[in-house]
Structure formats: structure tokens, C-alpha cells
Amino acid sequence: MAQPAWEHDPQPLPLDSAPLPEYGAGSLADLLPTLAAGMGVPGMTAAISELAPADRNCVFLIDGLGWEQLKAHPEDAPFMTSLLASSRGGTGRPLTTGYPATTATSLASVGTGLPPGAHGLPGYTVRNPATGELMNQLRWQPWTAPGPWQPYPTVFRLAHDAGVHAAQVSSPAFENTPLTKVALSGGTFHGRLSGEERMDLAAEQLAAGDRSLVYTYYAEVDGAGHRFGVDSDLWRGQLMYVDRLVQRLAEQLPPRTALYVTADHGMVDVPFDEQHRIDFDEDWELRAGVALLGGEGRARHVYAVPGAGNDVLTCWREVLGEQFWVASRDEAIAAGWFGPQVDERVYARLGDVIAAARDDVLIIASEREPKESAMVGNHGSMTPAEQLVPLLEVRT
């Protein structure tokens, strides 16, 4: 006999039901170390066992192009669709991004070869323990000294030091940003405005060394998804354009090259209603005992006022626990959300409570975060639509 609705006792999602990233075997953090190990860079481990070594390696990262979104639009991306079977060394499988599935975190994982708990960029916004303020790790506001915040050398730097020709080809606007410094620096940076120029220069840079490691990037698939949604005409137009860029680069690769096309996260569209967009700024229960709200709508870091952590955890589980995985900081660390270990300097950057969306819902903050709260497409959590990214391969 069915339980009457008024007797329903909501049960929080078990934390072990969250699909963990494949740290150490198939996550974004494992990609560059695997490629560098194949080129003989000391100290690097070939963690993604399916990838064969190459003398020249290129990573083309398309911001926001998740595995599920690519597979759902074969007519808009015929070239990349033709490469789906090549993903992850011919297994036809995706990589996972790492948690949270967001740009600053993922780019740091790619460039350092480390999971978020080590590189220390574990969210869109996190608390700086030294100041008590929220720090936006994508825009690097307020400014924080980059070196102490992320002290590990990038794989590009280690490869350059080992005699590999290392280069990044991206927008000129990114050349001197702190995020580039901590995540993607090493070797030479080449700024080019158009996608076509980037593809042509990436191919030239690959040919510039007997061993080369080249990174290039395109942002506007993500931008169109945030503004208009991942099935909008404008998003599909961006997908069509970047598909042509991938083909342009693939057709220019020098000998002994492996090109890998991947992404930093996928995306989900969230409806604009109160059931799907829970407004922290208008919800007194969720605000009770909270000093700072960090992260983003689908991957929240919640910082409690001193002594209120357990109460905030209890409340958030009661209010959101059927739609979000809600964990304490120590529970999330023990579950491995941020990787196999969390460095001491990173520990207090994590929320006292961490909430990761399972359903197509957001915790918005309409007053504190008006621009973010108005986005159609969103990402951050551990669902397949956000976590899974391609690793398409072309070899010469």
C-alpha cells in the first residue's frame, strides 16, 4: 500500500550514491601527466592507461562541451561525432572532470595534473581563510597572491624544463591572468583572437619541436550555453563552428602527433521557476547560521557562523536532501569528492557544508549573484551531464 503524501518522510540522498570522478585513472587531472610521461618528462605517471604515447601532443579544450551534449547533437558536429569511437584511447568512453565541474577548478586540474584537493581551486567562489572573504577563482577577485594560493608547478613548466617544446595558444586576454599563471603557464603563450588563427598557430607550435606539448582553447560554447541554453539555436551555432575548428586543426597536424579534444565540464538547462531555482536570498531556513555562500548554483560551499555548522548541515539536509547530495566538509573529503587527499592549506577553503545537485535544480542568490542567477545553462555537480567530457583523438 502506498504511503500517503502527508506521511512522506524525506530521506537525504546517501553520499555514496554520488558518482565520483575517476581520479587517478580517468579524470582531467590525469591527462597531461599521461601525455608528458609518454614524452619522457621525469616524475610524470601515465595514469590514463588507454592512451598511447606520442612525440607531439595537443590538447584542445572546448569550454562547456560535455559528452552528453556532444552525443545529443550529431548533425551539428559531424566531425567530432565521427571521432566519438576514438574517445579515451579508442574505448569510446569519456573522462570525468573532477568536482566541482567548473572552469577554474577544471583548468587547474588540467594544467597542474592534480585533483582539486591538492591544487586548491575547489570551486567557483571559495572562502579565503586568510581574509575571511569569498574569492572568485575564475576572475581572481579580490586579488590574491597566485603563488601561495597554488604553489605546484604546472605540467607545461615541468615539460619545458625537460626539453619539451611547451606552448599555449588562447585569447590574448588570458595571457597575464592569475588563473593562467597558476594553472596553464610554462613554455610560451601565444595570444590569437580568432579560432582559425588559434588552430593554425597550434599546428605550427606542434611542428616547432621534436617533442611538443601544445594547449589551445575555445570559450564560446560555454558562453552560449549559459546565456541561451544547451539546445538553443545560438548554442548549436557555436557547436557547428567549433566542430569546423577541430577539423581545421586535425587536417594540419604534423607527423607523430596526437590531438586530444576535451572539455572542462558539461551543462544542464534549469527551468525558471521556484521549484527548480531555490533562492537563498529569500529562504530564511537556508540562510540561518550561514556567514558566506560560496560555489555556484549546483555546487555550493556553505560557510557557517562559528558553532553553527551542525545546525546548518541538518537544515540543508532537511530542505534539500532529496535533490542535493549534502555533506559536511569532512564527509565530502572522506568520500573523495575533491580527490584522494586535501592539502592542509586547502582544507578551510572548503565549505562547512557542501551541496551538490542531483536533480535539475539550483540554489540561486538573486541579490548577491544576479548575473549567475539569471543563467539558463548551469554546471558544477557530479551528474553525468556535467561530469562527463570527451577525449576525442586524432593521430598522425
# chains A, B, ... in the order shown; residues from 1 in each chain; ligands from 1
call {"tool": "closest_atom_pairs", "arguments": {"of": "region 255-319 of chain A", "to": "region 344-354 of chain A", "cutoff": "12 Å", "atoms": "only C-alpha atoms", "output": "Markdown table"}}
result
| residue | atom | partner | partner_atom | distance |
| --- | --- | --- | --- | --- |
| A:Leu286 | CA | A:Val353 | CA | 11.4 |
| A:Gly289 | CA | A:Asp352 | CA | 11.2 |
| A:Val290 | CA | A:Asp352 | CA | 9.6 |
| A:Ala291 | CA | A:Asp352 | CA | 10.5 |
| A:Leu292 | CA | A:Gly351 | CA | 9.0 |
| A:Leu293 | CA | A:Gly351 | CA | 8.6 |
| A:Gly294 | CA | A:Gly351 | CA | 7.6 |
| A:Gly295 | CA | A:Gly351 | CA | 8.7 |
| A:Glu296 | CA | A:Ile354 | CA | 10.9 |
| A:Gly297 | CA | A:Ile354 | CA | 11.5 |
| A:Arg298 | CA | A:Ile354 | CA | 10.3 |
| A:Ala299 | CA | A:Ile354 | CA | 7.3 |
| A:Arg300 | CA | A:Ile354 | CA | 5.6 |
| A:His301 | CA | A:Gly351 | CA | 4.2 |
| A:Val302 | CA | A:Gly351 | CA | 4.7 |
| A:Tyr303 | CA | A:Gly351 | CA | 5.1 |
| A:Ala304 | CA | A:Asp352 | CA | 6.3 |
| A:Val305 | CA | A:Asp352 | CA | 9.5 |
| A:Pro306 | CA | A:Asp352 | CA | 10.1 |
| A:Gly307 | CA | A:Asp352 | CA | 10.6 |
| A:Ala308 | CA | A:Asp352 | CA | 9.4 |
| A:Gly309 | CA | A:Asp352 | CA | 6.1 |
| A:Asn310 | CA | A:Asp352 | CA | 8.7 |
| A:Asp311 | CA | A:Val353 | CA | 10.1 |
| A:Val312 | CA | A:Val353 | CA | 7.4 |
| A:Leu313 | CA | A:Val353 | CA | 5.9 |
| A:Thr314 | CA | A:Val353 | CA | 9.6 |
| A:Cys315 | CA | A:Val353 | CA | 10.4 |
| A:Trp316 | CA | A:Val353 | CA | 8.3 |
| A:Arg317 | CA | A:Val353 | CA | 9.7 |
call {"tool": "residues_around", "arguments": {"residues": "region 252-256 of chain A", "least_positions_apart": "4", "cutoff": "9 Å", "atoms": "only C-alpha atoms", "output": "MDAnalysis selection string"}}
result
chainID A and resid 54:57 199:200 202:204 206:207 247:248 394:396
call {"tool": "write_last_selection", "arguments": {"atoms": "N, CA and C atoms", "output": "PDB file, in the first residue's frame"}}
result
ATOM      1  N   ALA A  54      52.883   9.665 -27.720  1.00  0.00           N
ATOM      2  CA  ALA A  54      53.182  10.356 -28.980  1.00  0.00           C
ATOM      3  C   ALA A  54      54.272  11.374 -28.701  1.00  0.00           C
ATOM      4  N   ASP A  55      55.052  11.692 -29.738  1.00  0.00           N
ATOM      5  CA  ASP A  55      56.117  12.679 -29.571  1.00  0.00           C
ATOM      6  C   ASP A  55      55.573  14.091 -29.458  1.00  0.00           C
ATOM      7  N   ARG A  56      54.473  14.343 -30.149  1.00  0.00           N
ATOM      8  CA  ARG A  56      53.838  15.663 -30.124  1.00  0.00           C
ATOM      9  C   ARG A  56      52.396  15.484 -29.666  1.00  0.00           C
ATOM     10  N   ASN A  57      52.005  16.268 -28.687  1.00  0.00           N
ATOM     11  CA  ASN A  57      50.651  16.158 -28.136  1.00  0.00           C
ATOM     12  C   ASN A  57      49.998  17.524 -28.102  1.00  0.00           C
ATOM     13  N   MET A 199      43.898  27.685 -34.316  1.00  0.00           N
ATOM     14  CA  MET A 199      44.127  26.347 -34.862  1.00  0.00           C
ATOM     15  C   MET A 199      45.402  26.328 -35.707  1.00  0.00           C
ATOM     16  N   ASP A 200      45.563  27.343 -36.557  1.00  0.00           N
ATOM     17  CA  ASP A 200      46.732  27.372 -37.431  1.00  0.00           C
ATOM     18  C   ASP A 200      48.023  27.494 -36.622  1.00  0.00           C
ATOM     19  N   ALA A 202      48.437  26.654 -33.415  1.00  0.00           N
ATOM     20  CA  ALA A 202      48.647  25.435 -32.629  1.00  0.00           C
ATOM     21  C   ALA A 202      49.360  24.387 -33.466  1.00  0.00           C
ATOM     22  N   ALA A 203      48.966  24.253 -34.729  1.00  0.00           N
ATOM     23  CA  ALA A 203      49.637  23.293 -35.604  1.00  0.00           C
ATOM     24  C   ALA A 203      51.098  23.685 -35.818  1.00  0.00           C
ATOM     25  N   GLU A 204      51.361  24.973 -35.992  1.00  0.00           N
ATOM     26  CA  GLU A 204      52.745  25.430 -36.148  1.00  0.00           C
ATOM     27  C   GLU A 204      53.573  25.131 -34.902  1.00  0.00           C
ATOM     28  N   LEU A 206      53.103  22.798 -32.702  1.00  0.00           N
ATOM     29  CA  LEU A 206      53.355  21.358 -32.607  1.00  0.00           C
ATOM     30  C   LEU A 206      54.568  20.966 -33.436  1.00  0.00           C
ATOM     31  N   ALA A 207      54.692  21.575 -34.606  1.00  0.00           N
ATOM     32  CA  ALA A 207      55.801  21.243 -35.501  1.00  0.00           C
ATOM     33  C   ALA A 207      57.117  21.880 -35.083  1.00  0.00           C
ATOM     34  N   GLN A 247      38.203  20.208 -37.022  1.00  0.00           N
ATOM     35  CA  GLN A 247      38.601  19.612 -38.298  1.00  0.00           C
ATOM     36  C   GLN A 247      39.763  20.385 -38.913  1.00  0.00           C
ATOM     37  N   ARG A 248      39.728  21.714 -38.808  1.00  0.00           N
ATOM     38  CA  ARG A 248      40.804  22.539 -39.355  1.00  0.00           C
ATOM     39  C   ARG A 248      42.142  22.180 -38.714  1.00  0.00           C
ATOM     40  N   VAL A 394      42.853  12.288 -32.557  1.00  0.00           N
ATOM     41  CA  VAL A 394      43.310  12.188 -33.947  1.00  0.00           C
ATOM     42  C   VAL A 394      44.818  12.002 -33.904  1.00  0.00           C
ATOM     43  N   ARG A 395      45.327  11.010 -34.612  1.00  0.00           N
ATOM     44  CA  ARG A 395      46.772  10.728 -34.598  1.00  0.00           C
ATOM     45  C   ARG A 395      47.322  10.758 -36.014  1.00  0.00           C
ATOM     46  N   THR A 396      48.557  11.210 -36.123  1.00  0.00           N
ATOM     47  CA  THR A 396      49.236  11.199 -37.428  1.00  0.00           C
ATOM     48  C   THR A 396      50.506  10.357 -37.369  1.00  0.00           C
TER      49      THR A 396
END
call {"tool": "closest_residue", "arguments": {"among": "A:Met375, A:Ala365, A:Leu388, A:Ala108", "to": "Asp281 (chain A)", "atoms": "only C-alpha atoms"}}
result
A:Ala365
call {"tool": "closest_residue", "arguments": {"among": "A:Pro53, A:Gly111, A:Pro151, A:Pro116", "to": "Leu184 (chain A)", "atoms": "only C-alpha atoms"}}
result
A:Gly111
call {"tool": "closest_residue", "arguments": {"among": "A:Ala77, A:Ala162, A:Val41, A:Ala355", "to": "Gly237 (chain A)", "atoms": "only C-alpha atoms"}}
result
A:Ala77
call {"tool": "residues_around", "arguments": {"residues": "Met382 (chain A)", "least_positions_apart": "6", "cutoff": "8 Å", "atoms": "only C-alpha atoms", "output": "PyMOL selection string"}}
result
chain A and resi 18-21+99-101+356-358
call {"tool": "closest_residue", "arguments": {"among": "A:His119, A:Pro271, A:Leu213, A:Trp149", "to": "Gly38 (chain A)", "atoms": "only C-alpha atoms"}}
result
A:Leu213
call {"tool": "select_by_dssp", "arguments": {"residues": "region 169-325 of chain A", "states": "strand (DSSP E)", "output": "VMD selection string"}}
result
chain A and resid 169 to 170 188 to 191 212 to 218 257 to 262 268 to 269 277 to 279 290 to 296 299 to 304 324 to 325
call {"tool": "write_last_selection", "arguments": {"atoms": "N, CA and C atoms", "output": "tab-separated table (two decimals), in the first residue's frame"}}
result
chain	number	residue	atom	x	y	z
A	169	VAL	N	48.07	28.39	-26.76
A	169	VAL	CA	47.52	29.26	-27.79
A	169	VAL	C	46.08	29.57	-27.40
A	170	SER	N	45.82	30.82	-27.03
A	170	SER	CA	44.50	31.16	-26.50
A	170	SER	C	44.20	32.63	-26.77
A	188	THR	N	55.74	28.90	-23.75
A	188	THR	CA	55.40	30.20	-24.32
A	188	THR	C	53.90	30.33	-24.51
A	189	PHE	N	53.39	31.55	-24.31
A	189	PHE	CA	51.98	31.85	-24.52
A	189	PHE	C	51.84	32.64	-25.83
A	190	HIS	N	50.87	32.25	-26.64
A	190	HIS	CA	50.63	32.92	-27.92
A	190	HIS	C	49.16	33.34	-27.96
A	191	GLY	N	48.92	34.64	-27.96
A	191	GLY	CA	47.56	35.14	-27.99
A	191	GLY	C	47.07	35.35	-29.41
A	212	SER	N	56.65	18.03	-28.47
A	212	SER	CA	55.87	19.25	-28.25
A	212	SER	C	54.63	18.93	-27.42
A	213	LEU	N	54.28	19.91	-26.55
A	213	LEU	CA	53.05	19.83	-25.77
A	213	LEU	C	52.35	21.17	-25.94
A	214	VAL	N	51.22	21.18	-26.64
A	214	VAL	CA	50.52	22.40	-27.01
A	214	VAL	C	49.09	22.34	-26.49
A	215	TYR	N	48.66	23.46	-25.93
A	215	TYR	CA	47.29	23.59	-25.42
A	215	TYR	C	46.60	24.73	-26.15
A	216	THR	N	45.37	24.51	-26.58
A	216	THR	CA	44.58	25.59	-27.14
A	216	THR	C	43.15	25.50	-26.63
A	217	TYR	N	42.38	26.58	-26.79
A	217	TYR	CA	41.15	26.75	-26.00
A	217	TYR	C	40.14	27.56	-26.78
A	218	TYR	N	38.86	27.23	-26.59
A	218	TYR	CA	37.76	28.00	-27.16
A	218	TYR	C	36.65	28.11	-26.12
A	257	THR	N	51.94	13.11	-34.16
A	257	THR	CA	51.14	13.95	-33.27
A	257	THR	C	49.89	13.21	-32.82
A	258	ALA	N	49.51	13.45	-31.58
A	258	ALA	CA	48.19	13.05	-31.08
A	258	ALA	C	47.44	14.32	-30.66
A	259	LEU	N	46.29	14.53	-31.25
A	259	LEU	CA	45.39	15.63	-30.87
A	259	LEU	C	44.30	15.07	-29.98
A	260	TYR	N	44.08	15.72	-28.83
A	260	TYR	CA	43.01	15.33	-27.92
A	260	TYR	C	42.04	16.50	-27.75
A	261	VAL	N	40.78	16.26	-28.04
A	261	VAL	CA	39.74	17.27	-27.90
A	261	VAL	C	38.93	16.92	-26.66
A	262	THR	N	38.90	17.85	-25.71
A	262	THR	CA	38.21	17.59	-24.45
A	262	THR	C	37.50	18.85	-23.99
A	268	VAL	N	23.70	21.69	-17.87
A	268	VAL	CA	22.28	21.37	-17.87
A	268	VAL	C	21.49	22.67	-17.87
A	269	ASP	N	20.36	22.67	-18.57
A	269	ASP	CA	19.45	23.80	-18.53
A	269	ASP	C	18.50	23.62	-17.34
A	277	ARG	N	14.58	26.65	-9.07
A	277	ARG	CA	15.53	27.68	-8.67
A	277	ARG	C	15.18	28.15	-7.26
A	278	ILE	N	15.89	27.60	-6.29
A	278	ILE	CA	15.65	27.90	-4.88
A	278	ILE	C	16.50	29.10	-4.51
A	279	ASP	N	15.84	30.18	-4.09
A	279	ASP	CA	16.55	31.44	-3.89
A	279	ASP	C	17.01	31.57	-2.44
A	290	VAL	N	24.28	30.90	8.37
A	290	VAL	CA	25.24	30.93	7.26
A	290	VAL	C	25.93	32.29	7.22
A	291	ALA	N	27.25	32.27	7.25
A	291	ALA	CA	28.03	33.51	7.16
A	291	ALA	C	28.33	33.88	5.72
A	292	LEU	N	28.66	32.89	4.88
A	292	LEU	CA	29.01	33.12	3.48
A	292	LEU	C	28.45	32.00	2.63
A	293	LEU	N	27.97	32.34	1.45
A	293	LEU	CA	27.53	31.36	0.47
A	293	LEU	C	28.50	31.39	-0.70
A	294	GLY	N	29.20	30.28	-0.91
A	294	GLY	CA	30.17	30.19	-1.98
A	294	GLY	C	29.77	29.19	-3.04
A	295	GLY	N	30.72	28.90	-3.92
A	295	GLY	CA	30.46	27.96	-5.00
A	295	GLY	C	29.57	28.58	-6.06
A	296	GLU	N	28.68	27.76	-6.60
A	296	GLU	CA	27.71	28.21	-7.61
A	296	GLU	C	26.45	27.38	-7.44
A	299	ALA	N	26.72	23.61	-7.10
A	299	ALA	CA	27.86	23.10	-6.31
A	299	ALA	C	28.21	24.14	-5.26
A	300	ARG	N	27.49	24.12	-4.17
A	300	ARG	CA	27.60	25.16	-3.17
A	300	ARG	C	28.60	24.81	-2.06
A	301	HIS	N	29.42	25.82	-1.70
A	301	HIS	CA	30.18	25.82	-0.46
A	301	HIS	C	29.44	26.73	0.52
A	302	VAL	N	29.09	26.19	1.67
A	302	VAL	CA	28.31	26.95	2.66
A	302	VAL	C	29.17	27.11	3.90
A	303	TYR	N	29.44	28.36	4.27
A	303	TYR	CA	30.31	28.65	5.41
A	303	TYR	C	29.45	29.13	6.57
A	304	ALA	N	29.48	28.37	7.64
A	304	ALA	CA	28.62	28.65	8.78
A	304	ALA	C	29.26	29.67	9.72
A	324	PHE	N	19.73	17.24	-3.56
A	324	PHE	CA	21.16	17.51	-3.50
A	324	PHE	C	21.83	16.46	-2.62
A	325	TRP	N	23.07	16.11	-2.97
A	325	TRP	CA	23.93	15.43	-2.01
A	325	TRP	C	24.48	16.50	-1.07
call {"tool": "select_by_dssp", "arguments": {"residues": "region 231-279 of chain A", "states": "alpha helix (DSSP H)", "output": "mmCIF file with C-alpha atoms, in the first residue's frame"}}
result
data_model
loop_
_atom_site.group_PDB
_atom_site.id
_atom_site.type_symbol
_atom_site.label_atom_id
_atom_site.label_comp_id
_atom_site.auth_asym_id
_atom_site.auth_seq_id
_atom_site.Cartn_x
_atom_site.Cartn_y
_atom_site.Cartn_z
ATOM 1 C CA ASP A 233 19.998 27.867 -31.879
ATOM 2 C CA LEU A 234 22.894 30.040 -30.723
ATOM 3 C CA TRP A 235 24.461 27.182 -28.769
ATOM 4 C CA ARG A 236 24.092 24.853 -31.725
ATOM 5 C CA GLY A 237 25.674 27.506 -33.941
ATOM 6 C CA GLN A 238 28.692 27.615 -31.639
ATOM 7 C CA LEU A 239 28.906 23.825 -31.717
ATOM 8 C CA MET A 240 28.872 23.875 -35.524
ATOM 9 C CA TYR A 241 31.627 26.478 -35.558
ATOM 10 C CA VAL A 242 33.904 24.686 -33.121
ATOM 11 C CA ASP A 243 33.387 21.416 -34.993
ATOM 12 C CA ARG A 244 34.899 23.109 -38.042
ATOM 13 C CA LEU A 245 37.784 24.369 -35.889
ATOM 14 C CA VAL A 246 38.567 20.844 -34.704
ATOM 15 C CA GLN A 247 38.601 19.612 -38.298
ATOM 16 C CA ARG A 248 40.804 22.539 -39.355
ATOM 17 C CA LEU A 249 43.375 21.669 -36.698
ATOM 18 C CA ALA A 250 43.193 17.933 -37.362
#
call {"tool": "atom_distance", "arguments": {"atom1": "CA of Leu61 (chain A)", "atom2": "CA of Ala332 (chain A)"}}
result
27.8 Å
call {"tool": "residues_around", "arguments": {"residues": "region 31-33 of chain A", "least_positions_apart": "3", "cutoff": "6 Å", "atoms": "only C-alpha atoms", "output": "ChimeraX atom specification"}}
result
/A:28,36-37,44-45,113
call {"tool": "atom_distance", "arguments": {"atom1": "CA of Asp222 (chain A)", "atom2": "CA of Thr105 (chain A)"}}
result
15.0 Å
call {"tool": "closest_residue", "arguments": {"among": "A:Ala263, A:Leu193, A:Ala72, A:Val342", "to": "Pro94 (chain A)", "atoms": "only C-alpha atoms"}}
result
A:Ala263
call {"tool": "closest_residue", "arguments": {"among": "A:Gly186, A:Pro122, A:Gly380, A:Gly92", "to": "Gln137 (chain A)", "atoms": "only C-alpha atoms"}}
result
A:Pro122
call {"tool": "residues_around", "arguments": {"residues": "Leu15 (chain A)", "least_positions_apart": "5", "cutoff": "8 Å", "atoms": "only C-alpha atoms", "output": "PDB file with N, CA and C atoms, in the first residue's frame"}}
result
ATOM      1  N   TRP A 325      23.069  16.111  -2.973  1.00  0.00           N
ATOM      2  CA  TRP A 325      23.932  15.429  -2.010  1.00  0.00           C
ATOM      3  C   TRP A 325      24.479  16.503  -1.074  1.00  0.00           C
ATOM      4  N   VAL A 326      24.172  16.415   0.205  1.00  0.00           N
ATOM      5  CA  VAL A 326      24.565  17.429   1.176  1.00  0.00           C
ATOM      6  C   VAL A 326      25.509  16.783   2.183  1.00  0.00           C
ATOM      7  N   ALA A 327      26.727  17.290   2.261  1.00  0.00           N
ATOM      8  CA  ALA A 327      27.765  16.688   3.093  1.00  0.00           C
ATOM      9  C   ALA A 327      28.429  17.754   3.945  1.00  0.00           C
ATOM     10  N   ALA A 335      34.643  11.069   1.394  1.00  0.00           N
ATOM     11  CA  ALA A 335      34.022  10.422   0.237  1.00  0.00           C
ATOM     12  C   ALA A 335      34.862  10.556  -1.021  1.00  0.00           C
TER      13      ALA A 335
END
call {"tool": "atom_distance", "arguments": {"atom1": "CA of Gly89 (chain A)", "atom2": "CA of Leu35 (chain A)"}}
result
12.0 Å
